[in-house]
Each structure stands twice: as C-alpha cells, then as structure tokens.
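data-v9.tsv follows; it contains TSV, C-alpha atoms.
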```
chain	number	residue	atom	x	y	z
A	40	MET	CA	-5.36	43.15	77.19
A	41	VAL	CA	-8.33	42.35	74.96
A	42	ASN	CA	-11.18	40.52	76.66
A	43	PRO	CA	-11.79	37.31	74.64
A	44	LEU	CA	-15.33	37.09	76.01
A	45	ASN	CA	-16.41	40.38	74.49
A	46	LYS	CA	-19.82	40.81	72.88
A	47	LEU	CA	-18.56	40.62	69.30
A	48	ASN	CA	-16.78	37.32	69.85
A	49	ILE	CA	-19.83	35.83	71.53
A	50	ILE	CA	-22.10	36.91	68.67
A	51	PHE	CA	-19.60	35.59	66.13
A	52	LEU	CA	-19.39	32.24	67.92
A	53	ALA	CA	-23.16	31.90	68.21
A	54	LEU	CA	-23.78	32.62	64.53
A	55	LEU	CA	-20.87	30.41	63.44
A	56	LEU	CA	-22.27	27.52	65.47
A	57	VAL	CA	-25.63	28.01	63.77
A	58	LEU	CA	-23.91	27.54	60.40
A	59	ILE	CA	-21.99	24.48	61.57
A	60	MET	CA	-24.95	22.78	63.24
A	61	ALA	CA	-27.25	23.49	60.30
A	62	ALA	CA	-24.78	21.85	57.92
A	63	GLU	CA	-24.43	18.80	60.15
A	64	LEU	CA	-28.19	18.45	60.63
A	65	ILE	CA	-28.77	18.62	56.88
A	66	LEU	CA	-25.88	16.45	55.66
A	67	GLU	CA	-25.54	13.75	58.33
A	68	PRO	CA	-29.09	12.28	58.09
A	69	ARG	CA	-28.60	11.98	54.34
A	70	HIS	CA	-25.26	10.19	54.79
A	71	LEU	CA	-23.46	13.02	53.00
A	72	ALA	CA	-19.87	13.81	53.90
A	73	ALA	CA	-19.51	17.16	55.64
A	74	TRP	CA	-15.71	17.30	55.71
A	75	PRO	CA	-15.27	18.84	52.22
A	76	ALA	CA	-17.39	21.83	53.26
A	77	PHE	CA	-15.59	22.19	56.58
A	78	LEU	CA	-12.27	22.21	54.76
A	79	ILE	CA	-13.52	25.25	52.87
A	80	MET	CA	-14.46	26.91	56.14
A	81	ILE	CA	-10.99	26.22	57.54
A	82	PHE	CA	-9.30	27.51	54.39
A	83	TYR	CA	-11.38	30.68	54.56
A	84	PHE	CA	-10.31	31.28	58.14
A	85	MET	CA	-6.69	30.59	57.15
A	86	SER	CA	-7.00	33.31	54.50
A	87	HIS	CA	-8.03	35.67	57.32
A	88	MET	CA	-11.57	35.74	55.93
A	89	ASN	CA	-10.46	37.48	52.75
A	90	ILE	CA	-13.47	37.21	50.44
A	91	LYS	CA	-11.23	37.80	47.41
A	92	GLU	CA	-9.57	34.47	48.17
A	93	ALA	CA	-12.89	32.59	47.86
A	94	PRO	CA	-12.54	31.67	44.14
A	95	ALA	CA	-9.08	30.20	44.71
A	96	ILE	CA	-10.33	28.27	47.74
A	97	LEU	CA	-13.39	26.82	46.00
A	98	ILE	CA	-11.90	26.12	42.58
A	99	GLY	CA	-8.53	24.95	43.87
A	100	SER	CA	-10.19	22.60	46.35
A	101	ALA	CA	-12.47	21.18	43.66
A	102	PHE	CA	-9.46	20.57	41.43
A	103	GLY	CA	-7.66	18.85	44.29
A	104	LEU	CA	-10.61	16.52	44.86
A	105	LEU	CA	-10.91	15.84	41.13
A	106	ASN	CA	-7.37	14.49	41.13
A	107	LEU	CA	-8.62	11.51	43.12
A	108	VAL	CA	-10.51	10.55	39.95
A	109	LEU	CA	-7.71	11.49	37.56
A	110	ILE	CA	-5.15	9.39	39.41
A	111	THR	CA	-7.26	6.25	38.92
A	112	TYR	CA	-7.06	6.72	35.14
A	113	TRP	CA	-3.35	7.43	35.49
A	114	MET	CA	-2.84	4.21	37.42
A	115	GLY	CA	-4.77	2.26	34.80
A	116	VAL	CA	-2.37	3.46	32.11
A	117	ILE	CA	0.97	3.63	33.92
A	118	VAL	CA	0.85	0.51	36.11
A	119	PRO	CA	0.67	-1.90	33.12
A	120	MET	CA	3.55	0.02	31.52
A	121	LEU	CA	5.57	-0.73	34.65
A	122	GLY	CA	4.72	-4.41	34.40
A	123	GLY	CA	1.87	-4.48	36.91
A	124	ASP	CA	-1.59	-5.97	36.54
A	125	MET	CA	-4.48	-3.90	37.92
A	126	THR	CA	-6.59	-7.06	38.22
A	127	LYS	CA	-4.03	-8.48	40.66
A	128	VAL	CA	-3.36	-5.55	42.95
A	129	THR	CA	-2.20	-7.75	45.84
A	130	GLU	CA	0.72	-9.19	43.91
A	131	PRO	CA	4.07	-7.74	45.07
A	132	HIS	CA	5.16	-6.59	41.61
A	133	THR	CA	1.83	-4.87	40.94
A	134	ALA	CA	1.88	-3.24	44.37
A	135	GLU	CA	5.36	-1.90	43.63
A	136	ALA	CA	4.27	-0.64	40.21
A	137	MET	CA	1.27	1.10	41.77
A	138	PHE	CA	3.49	2.75	44.36
A	139	ILE	CA	5.90	4.03	41.70
A	140	ALA	CA	3.02	5.25	39.52
A	141	LYS	CA	1.53	7.09	42.51
A	142	LEU	CA	4.85	8.76	43.28
A	143	ILE	CA	5.21	9.92	39.68
A	144	TYR	CA	1.68	11.35	39.70
A	145	ILE	CA	2.27	13.19	42.96
A	146	ALA	CA	5.54	14.59	41.63
A	147	LEU	CA	3.80	15.86	38.48
A	148	PHE	CA	0.92	17.27	40.53
A	149	VAL	CA	3.28	19.20	42.82
A	150	ALA	CA	5.33	20.39	39.84
A	151	LEU	CA	2.21	21.79	38.18
A	152	ILE	CA	1.35	23.70	41.33
A	153	VAL	CA	4.87	25.12	41.59
A	154	PHE	CA	5.08	26.16	37.93
A	155	LEU	CA	1.48	27.30	37.39
A	156	LYS	CA	0.60	28.84	40.76
A	157	ASP	CA	1.30	32.34	39.44
A	158	ILE	CA	-0.32	31.69	36.04
A	159	ILE	CA	-3.55	29.93	37.06
A	160	PRO	CA	-3.67	30.61	40.82
A	161	TRP	CA	-7.36	29.79	41.16
A	162	VAL	CA	-6.67	26.18	40.14
A	163	PHE	CA	-3.09	25.36	41.03
A	164	ASN	CA	-2.66	26.35	44.66
A	165	ASN	CA	-2.12	25.04	48.17
A	166	TYR	CA	-5.85	24.39	48.58
A	167	ALA	CA	-5.72	21.90	45.71
A	168	PHE	CA	-2.74	20.15	47.27
A	169	MET	CA	-4.39	19.96	50.69
A	170	CYS	CA	-7.71	18.65	49.35
A	171	PHE	CA	-6.01	16.02	47.20
A	172	THR	CA	-3.99	14.84	50.20
A	173	ILE	CA	-6.95	14.70	52.57
A	174	ALA	CA	-9.26	13.10	49.99
A	175	GLY	CA	-6.66	10.40	49.40
A	176	ALA	CA	-6.46	9.68	53.12
A	177	VAL	CA	-10.24	9.61	53.49
A	178	SER	CA	-10.60	7.36	50.45
A	179	GLY	CA	-8.03	4.96	51.87
A	180	GLY	CA	-9.88	4.82	55.17
A	181	TYR	CA	-13.18	4.18	53.42
A	182	THR	CA	-11.63	1.36	51.39
A	183	THR	CA	-10.21	-0.28	54.50
A	184	ALA	CA	-13.57	-0.06	56.25
A	185	ALA	CA	-15.35	-1.54	53.24
A	186	ILE	CA	-12.91	-4.46	53.01
A	187	ALA	CA	-13.29	-5.19	56.72
A	188	ALA	CA	-17.10	-5.02	56.54
A	189	HIS	CA	-17.31	-7.31	53.53
A	190	THR	CA	-14.92	-9.75	55.19
A	191	VAL	CA	-17.08	-9.92	58.31
A	192	ALA	CA	-20.20	-10.24	56.17
A	193	GLY	CA	-18.58	-13.08	54.26
A	194	TYR	CA	-17.88	-15.01	57.45
A	195	ALA	CA	-21.42	-14.38	58.71
A	196	ASN	CA	-22.93	-15.63	55.46
A	197	ALA	CA	-20.65	-18.67	55.52
A	198	VAL	CA	-21.84	-19.56	59.02
A	199	ALA	CA	-25.45	-19.22	57.89
A	200	ALA	CA	-24.77	-21.34	54.82
A	201	ALA	CA	-23.28	-24.08	56.98
A	202	GLY	CA	-26.66	-24.46	58.66
A	203	ASP	CA	-28.18	-25.47	55.33
A	204	ASN	CA	-31.30	-23.39	56.00
A	205	PRO	CA	-32.32	-21.42	52.89
A	206	GLU	CA	-34.42	-18.95	54.87
A	207	ALA	CA	-31.60	-18.28	57.33
A	208	ILE	CA	-29.11	-17.87	54.49
A	209	ALA	CA	-31.37	-15.38	52.69
A	210	ALA	CA	-32.07	-13.48	55.91
A	211	MET	CA	-28.38	-13.25	56.80
A	212	LYS	CA	-27.46	-12.08	53.30
A	213	GLU	CA	-30.14	-9.39	53.38
A	214	ALA	CA	-29.12	-8.28	56.87
A	215	THR	CA	-25.43	-8.01	56.02
A	216	GLU	CA	-26.14	-6.11	52.82
A	217	LYS	CA	-28.34	-3.62	54.68
A	218	ALA	CA	-25.74	-3.23	57.43
A	219	ILE	CA	-22.97	-2.53	54.92
A	220	ALA	CA	-25.11	-0.05	52.99
A	221	ALA	CA	-26.09	1.79	56.18
A	222	THR	CA	-22.73	1.91	57.93
A	223	VAL	CA	-19.88	1.65	55.42
A	224	PRO	CA	-19.09	4.98	53.72
A	225	THR	CA	-18.48	5.02	49.99
A	226	VAL	CA	-16.06	7.10	47.95
A	227	ASN	CA	-18.03	9.50	45.76
A	228	VAL	CA	-15.63	12.17	44.57
A	229	PHE	CA	-18.15	14.11	42.50
A	230	GLN	CA	-20.50	14.22	45.47
A	231	TRP	CA	-17.63	15.54	47.59
A	232	ILE	CA	-16.94	18.21	44.98
A	233	GLY	CA	-20.61	19.21	44.96
A	234	ILE	CA	-20.68	19.49	48.75
A	235	GLU	CA	-17.43	21.44	48.73
A	236	LEU	CA	-18.71	23.91	46.16
A	237	VAL	CA	-22.28	24.35	47.39
A	238	VAL	CA	-22.03	24.05	51.17
A	239	GLY	CA	-18.53	25.52	51.18
A	240	SER	CA	-19.82	28.57	49.31
A	241	ILE	CA	-22.64	28.90	51.82
A	242	PHE	CA	-20.09	28.79	54.63
A	243	ILE	CA	-17.99	31.52	53.04
A	244	VAL	CA	-20.98	33.75	52.32
A	245	GLY	CA	-22.38	33.14	55.79
A	246	ILE	CA	-19.11	33.92	57.56
A	247	TYR	CA	-18.57	36.97	55.37
A	248	GLY	CA	-22.07	38.15	56.28
A	249	ILE	CA	-21.37	37.61	59.97
A	250	GLY	CA	-18.23	39.70	59.62
A	251	GLN	CA	-20.16	42.50	57.94
A	252	LEU	CA	-22.78	42.41	60.69
A	253	LEU	CA	-20.15	42.60	63.41
A	254	ALA	CA	-18.43	45.45	61.62
A	255	LYS	CA	-21.67	47.43	61.70
A	256	LEU	CA	-22.21	46.62	65.37
A	257	ALA	CA	-18.67	47.69	66.22
A	258	GLY	CA	-18.60	50.67	63.91
A	259	ALA	CA	-15.38	49.27	62.38
A	260	PRO	CA	-14.04	45.94	61.08
A	261	PRO	CA	-13.89	43.60	64.10
A	262	ALA	CA	-10.38	42.61	65.08
A	263	ASN	CA	-11.05	39.39	66.94
A	264	THR	CA	-13.36	37.31	64.77
A	265	ASP	CA	-10.53	35.79	62.76
A	266	ILE	CA	-9.81	32.16	63.61
A	267	HIS	CA	-6.24	31.26	62.74
A	268	GLY	CA	-3.13	29.80	64.28
```
Whole structure, structure tokens version:
Amino acid sequence: MVNPLNKLNIIFLALLLVLIMAAELILEPRHLAAWPAFLIMIFYFMSHMNIKEAPAILIGSAFGLLNLVLITYWMGVIVPMLGGDMTKVTEPHTAEAMFIAKLIYIALFVALIVFLKDIIPWVFNNYAFMCFTIAGAVSGGYTTAAIAAHTVAGYANAVAAAGDNPEAIAAMKEATEKAIAATVPTVNVFQWIGIELVVGSIFIVGIYGIGQLLAKLAGAPPANTDIHG
C-alpha cells in the first residue's frame, strides 16, 4: 500500500498551496474573480496533468466564457422575433420568449461541440461547455445579488428622503452607492477571460514545473501527484 504522506506528495501539496494562495492574495484585494483561473487548474488535473491538453483547456474555456456575451446578442435578435420585448423582461410573454431563445442557443452550442469537436478540438470541447455553464450560473447569481442590493438601497434612500433633510439624503445616497460598489460583484466576461488565460496559464505552467521537479527528485515521473476523481 502506497503511503499517501510520502515526501513527494507533501512537496507537491506545499508548492501547490503556494500557487493557490498567491493567486488569492493577488486577485482578491483587487476584487478580481479567481474562479475562472481555478477552473483551469481543475481541468488540468482532470486531464491528468497532460501539458499537451493545455491549449484545448485554455482556448476552449475562453470560448465557453465568450458565449455569455454572444448569447446576449442572440437574445436581442431572437426574442423580438418570438414576440417578446427586451425592455419588458418581466412580462410573462417576454419571459417565455427568452426561455425559448435560450434553449435554442444552448441546443446550437451543444450541436457545434458535437459536430466540430474532432475538427476544431481546441475550441469546441467539454471545457467550453463547462465554462459556459458555470459562467451562466455565476452571472445569474451576480444579477440576483445586484437586484437585491439596489432594492435595499432604494428603501434606505426612500427612508432618508422621507426625513426631508437634504444632507441626510445626500449622505445616504453616497453611502449606499459605495456599499454597492464595494460588495456587489459585477459581470465582466472579458475580465474573466483575461484571468482565465493569464492566471490559468500560470497555474498550468506552475503545476507542470512542480511535476518536473518531483520527477527529478524521484528519479522517475511521480505516480501520486495527480489529483482526480
């Protein structure tokens, strides 16, 4: 039985944690999302740390994230064709049209992956599908948080306005705006793509380098530094 607490695993863990903590310490204070980069790390582990898979991971993931932008243009074209009005998204008919348009887009997206995965594998792959799915979920969560924050801010400003004190009204408005800016995340797809490509590449190169170091220490490719299910 292999000892999981062997020297190579401990070294691998220590160096991996350095990478993770460095990314968090750099990105978090700047209010930059770290999850796109960590997805790349996870995908690299899922590929059994195969460096040849890196282009497909990075490019496919970027394409998946980009679809969060493309689908907004799609909705702007298709929803009106289905009788919806994008300026009245809460109306039942528009909501139904948006749902149908989204389903059509997803169907086309999946079809492209199925038909083109062997022709343009660096772009149309499972990494693209996963990133598009996760980015959509994150975007939805951000939107919900923003709506809730602006609703609370609206009530707070209304209470201040009821006091008929211009200074209090101005102070409350400034405070709520600062609070929203500091705490409510915003959807910035191109920023996510940049983080995914730059920090994700650093993760891949760093982990690959760790693997090479451990191989030299062991005298052979290490067998237990692969993190996968």
Find the residues with any atom within 10 Å of (-22.6, 13.0, 54.3); use all atoms listed in the file and the coordinates as given in the file, and write the answer as a PDB file with C-alpha atoms, keeping the file's coordinate frame.
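Below is the file part_25.pdb, written as the result:
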```pdb
ATOM      1  CA  ALA A  62     -24.780  21.850  57.920  1.00  0.00           C
ATOM      2  CA  GLU A  63     -24.430  18.800  60.150  1.00  0.00           C
ATOM      3  CA  ILE A  65     -28.770  18.620  56.880  1.00  0.00           C
ATOM      4  CA  LEU A  66     -25.880  16.450  55.660  1.00  0.00           C
ATOM      5  CA  GLU A  67     -25.540  13.750  58.330  1.00  0.00           C
ATOM      6  CA  PRO A  68     -29.090  12.280  58.090  1.00  0.00           C
ATOM      7  CA  ARG A  69     -28.600  11.980  54.340  1.00  0.00           C
ATOM      8  CA  HIS A  70     -25.260  10.190  54.790  1.00  0.00           C
ATOM      9  CA  LEU A  71     -23.460  13.020  53.000  1.00  0.00           C
ATOM     10  CA  ALA A  72     -19.870  13.810  53.900  1.00  0.00           C
ATOM     11  CA  ALA A  73     -19.510  17.160  55.640  1.00  0.00           C
ATOM     12  CA  TRP A  74     -15.710  17.300  55.710  1.00  0.00           C
ATOM     13  CA  PRO A  75     -15.270  18.840  52.220  1.00  0.00           C
ATOM     14  CA  PRO A 224     -19.090   4.980  53.720  1.00  0.00           C
ATOM     15  CA  THR A 225     -18.480   5.020  49.990  1.00  0.00           C
ATOM     16  CA  GLN A 230     -20.500  14.220  45.470  1.00  0.00           C
ATOM     17  CA  TRP A 231     -17.630  15.540  47.590  1.00  0.00           C
ATOM     18  CA  ILE A 234     -20.680  19.490  48.750  1.00  0.00           C
TER      19      ILE A 234
END
```
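Every polymer residue reaching to within 12 Å of (-6.9, 11.6, 39.5), counting only C-alpha atoms, appears in this list: A:Ala101, A:Phe102, A:Gly103, A:Leu104, A:Leu105, A:Asn106, A:Leu107, A:Val108, A:Leu109, A:Ile110, A:Thr111, A:Tyr112, A:Trp113, A:Met114, A:Gly115, A:Val116, A:Ala140, A:Lys141, A:Tyr144, A:Ile145, A:Leu147, A:Phe148, A:Phe171, A:Thr172, A:Ala174, A:Gly175, A:Val228, A:Phe229.
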Mind dumping the selected residues with C-alpha atoms as an mmCIF file, in the frame of the given file?
```
data_model
loop_
_atom_site.group_PDB
_atom_site.id
_atom_site.type_symbol
_atom_site.label_atom_id
_atom_site.label_comp_id
_atom_site.auth_asym_id
_atom_site.auth_seq_id
_atom_site.Cartn_x
_atom_site.Cartn_y
_atom_site.Cartn_z
ATOM 1 C CA ALA A 101 -12.470 21.180 43.660
ATOM 2 C CA PHE A 102 -9.460 20.570 41.430
ATOM 3 C CA GLY A 103 -7.660 18.850 44.290
ATOM 4 C CA LEU A 104 -10.610 16.520 44.860
ATOM 5 C CA LEU A 105 -10.910 15.840 41.130
ATOM 6 C CA ASN A 106 -7.370 14.490 41.130
ATOM 7 C CA LEU A 107 -8.620 11.510 43.120
ATOM 8 C CA VAL A 108 -10.510 10.550 39.950
ATOM 9 C CA LEU A 109 -7.710 11.490 37.560
ATOM 10 C CA ILE A 110 -5.150 9.390 39.410
ATOM 11 C CA THR A 111 -7.260 6.250 38.920
ATOM 12 C CA TYR A 112 -7.060 6.720 35.140
ATOM 13 C CA TRP A 113 -3.350 7.430 35.490
ATOM 14 C CA MET A 114 -2.840 4.210 37.420
ATOM 15 C CA GLY A 115 -4.770 2.260 34.800
ATOM 16 C CA VAL A 116 -2.370 3.460 32.110
ATOM 17 C CA ALA A 140 3.020 5.250 39.520
ATOM 18 C CA LYS A 141 1.530 7.090 42.510
ATOM 19 C CA TYR A 144 1.680 11.350 39.700
ATOM 20 C CA ILE A 145 2.270 13.190 42.960
ATOM 21 C CA LEU A 147 3.800 15.860 38.480
ATOM 22 C CA PHE A 148 0.920 17.270 40.530
ATOM 23 C CA PHE A 171 -6.010 16.020 47.200
ATOM 24 C CA THR A 172 -3.990 14.840 50.200
ATOM 25 C CA ALA A 174 -9.260 13.100 49.990
ATOM 26 C CA GLY A 175 -6.660 10.400 49.400
ATOM 27 C CA VAL A 228 -15.630 12.170 44.570
ATOM 28 C CA PHE A 229 -18.150 14.110 42.500
#
```
For Leu151 (chain A), find every residue with an atom within 9 Å (counting all atoms listed in the file), except residues of its own chain fewer than 5 positions away, and show them as an mmCIF file with C-alpha atoms, in the coordinates of the input.
```cif
data_model
loop_
_atom_site.group_PDB
_atom_site.id
_atom_site.type_symbol
_atom_site.label_atom_id
_atom_site.label_comp_id
_atom_site.auth_asym_id
_atom_site.auth_seq_id
_atom_site.Cartn_x
_atom_site.Cartn_y
_atom_site.Cartn_z
ATOM 1 C CA ALA A 146 5.540 14.590 41.630
ATOM 2 C CA LYS A 156 0.600 28.840 40.760
ATOM 3 C CA PHE A 163 -3.090 25.360 41.030
#
```
request  = Fewer than 6 positions away in the same chain doesn't count, so skip those; otherwise give me all residues within 12 Å of Gly239 (chain A), counting all atoms listed in the file, as a PyMOL selection string.
outcome  = chain A and resi 58-59+62+73-83+93-94+96-98+100-101+231-233+245-246
key: Separation of CA of Asn227 (chain A) from CA of Met125 (chain A) in Å   = 20.6 Å
So for region 139-158 of chain A, what box centre and size do we get, axis-aligned, 6 Å extra on each of the six sides, every listed atom, Å to one decimal, as AutoDock Vina command-line options?
```
--center_x 2.8 --center_y 18.2 --center_z 39.7 --size_x 18.2 --size_y 40.3 --size_z 19.2
```
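Going from CA of Asn164 (chain A) over to CA of Gln251 (chain A), you cover 27.3 Å.
Counting all atoms listed in the file and comparing A:Ile159, A:Gly250, A:Cys170, A:Lys255, the residue that lies closest to Glu235 (chain A) is A:Cys170.
Here CA of His87 (chain A) is placed at a distance of 20.1 Å from CA of Leu44 (chain A).
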Would you kindly place N, CA and C atoms on region 77-96 of chain A and return the model as an mmCIF file, in the frame of the given file?
```
data_model
loop_
_atom_site.group_PDB
_atom_site.id
_atom_site.type_symbol
_atom_site.label_atom_id
_atom_site.label_comp_id
_atom_site.auth_asym_id
_atom_site.auth_seq_id
_atom_site.Cartn_x
_atom_site.Cartn_y
_atom_site.Cartn_z
ATOM 1 N N PHE A 77 -16.320 21.653 55.438
ATOM 2 C CA PHE A 77 -15.590 22.190 56.580
ATOM 3 C C PHE A 77 -14.152 22.532 56.223
ATOM 4 N N LEU A 78 -13.592 21.825 55.246
ATOM 5 C CA LEU A 78 -12.270 22.210 54.760
ATOM 6 C C LEU A 78 -12.310 23.625 54.179
ATOM 7 N N ILE A 79 -13.375 23.917 53.444
ATOM 8 C CA ILE A 79 -13.520 25.250 52.870
ATOM 9 C C ILE A 79 -13.610 26.299 53.971
ATOM 10 N N MET A 80 -14.360 25.987 55.010
ATOM 11 C CA MET A 80 -14.460 26.910 56.140
ATOM 12 C C MET A 80 -13.089 27.156 56.760
ATOM 13 N N ILE A 81 -12.326 26.088 56.952
ATOM 14 C CA ILE A 81 -10.990 26.220 57.540
ATOM 15 C C ILE A 81 -10.081 27.046 56.632
ATOM 16 N N PHE A 82 -10.130 26.759 55.328
ATOM 17 C CA PHE A 82 -9.300 27.510 54.390
ATOM 18 C C PHE A 82 -9.657 29.000 54.410
ATOM 19 N N TYR A 83 -10.947 29.285 54.533
ATOM 20 C CA TYR A 83 -11.380 30.680 54.560
ATOM 21 C C TYR A 83 -10.857 31.386 55.805
ATOM 22 N N PHE A 84 -10.881 30.698 56.928
ATOM 23 C CA PHE A 84 -10.310 31.280 58.140
ATOM 24 C C PHE A 84 -8.797 31.470 57.987
ATOM 25 N N MET A 85 -8.145 30.485 57.346
ATOM 26 C CA MET A 85 -6.690 30.590 57.150
ATOM 27 C C MET A 85 -6.328 31.766 56.250
ATOM 28 N N SER A 86 -7.247 32.146 55.370
ATOM 29 C CA SER A 86 -7.000 33.310 54.500
ATOM 30 C C SER A 86 -7.362 34.609 55.208
ATOM 31 N N HIS A 87 -7.626 34.516 56.517
ATOM 32 C CA HIS A 87 -8.030 35.670 57.320
ATOM 33 C C HIS A 87 -9.341 36.272 56.827
ATOM 34 N N MET A 88 -10.230 35.372 56.381
ATOM 35 C CA MET A 88 -11.570 35.740 55.930
ATOM 36 C C MET A 88 -11.522 36.796 54.817
ATOM 37 N N ASN A 89 -10.581 36.600 53.907
ATOM 38 C CA ASN A 89 -10.460 37.480 52.750
ATOM 39 C C ASN A 89 -11.379 36.971 51.645
ATOM 40 N N ILE A 90 -12.466 37.670 51.398
ATOM 41 C CA ILE A 90 -13.470 37.210 50.440
ATOM 42 C C ILE A 90 -12.892 37.101 49.034
ATOM 43 N N LYS A 91 -11.851 37.865 48.739
ATOM 44 C CA LYS A 91 -11.230 37.800 47.410
ATOM 45 C C LYS A 91 -10.509 36.472 47.187
ATOM 46 N N GLU A 92 -10.248 35.762 48.269
ATOM 47 C CA GLU A 92 -9.570 34.470 48.170
ATOM 48 C C GLU A 92 -10.559 33.338 47.907
ATOM 49 N N ALA A 93 -11.857 33.628 47.993
ATOM 50 C CA ALA A 93 -12.890 32.590 47.860
ATOM 51 C C ALA A 93 -12.797 31.804 46.549
ATOM 52 N N PRO A 94 -12.628 32.458 45.388
ATOM 53 C CA PRO A 94 -12.540 31.670 44.140
ATOM 54 C C PRO A 94 -11.387 30.672 44.158
ATOM 55 N N ALA A 95 -10.237 31.101 44.653
ATOM 56 C CA ALA A 95 -9.080 30.200 44.710
ATOM 57 C C ALA A 95 -9.344 29.042 45.664
ATOM 58 N N ILE A 96 -10.017 29.326 46.771
ATOM 59 C CA ILE A 96 -10.330 28.270 47.740
ATOM 60 C C ILE A 96 -11.274 27.249 47.130
#
```
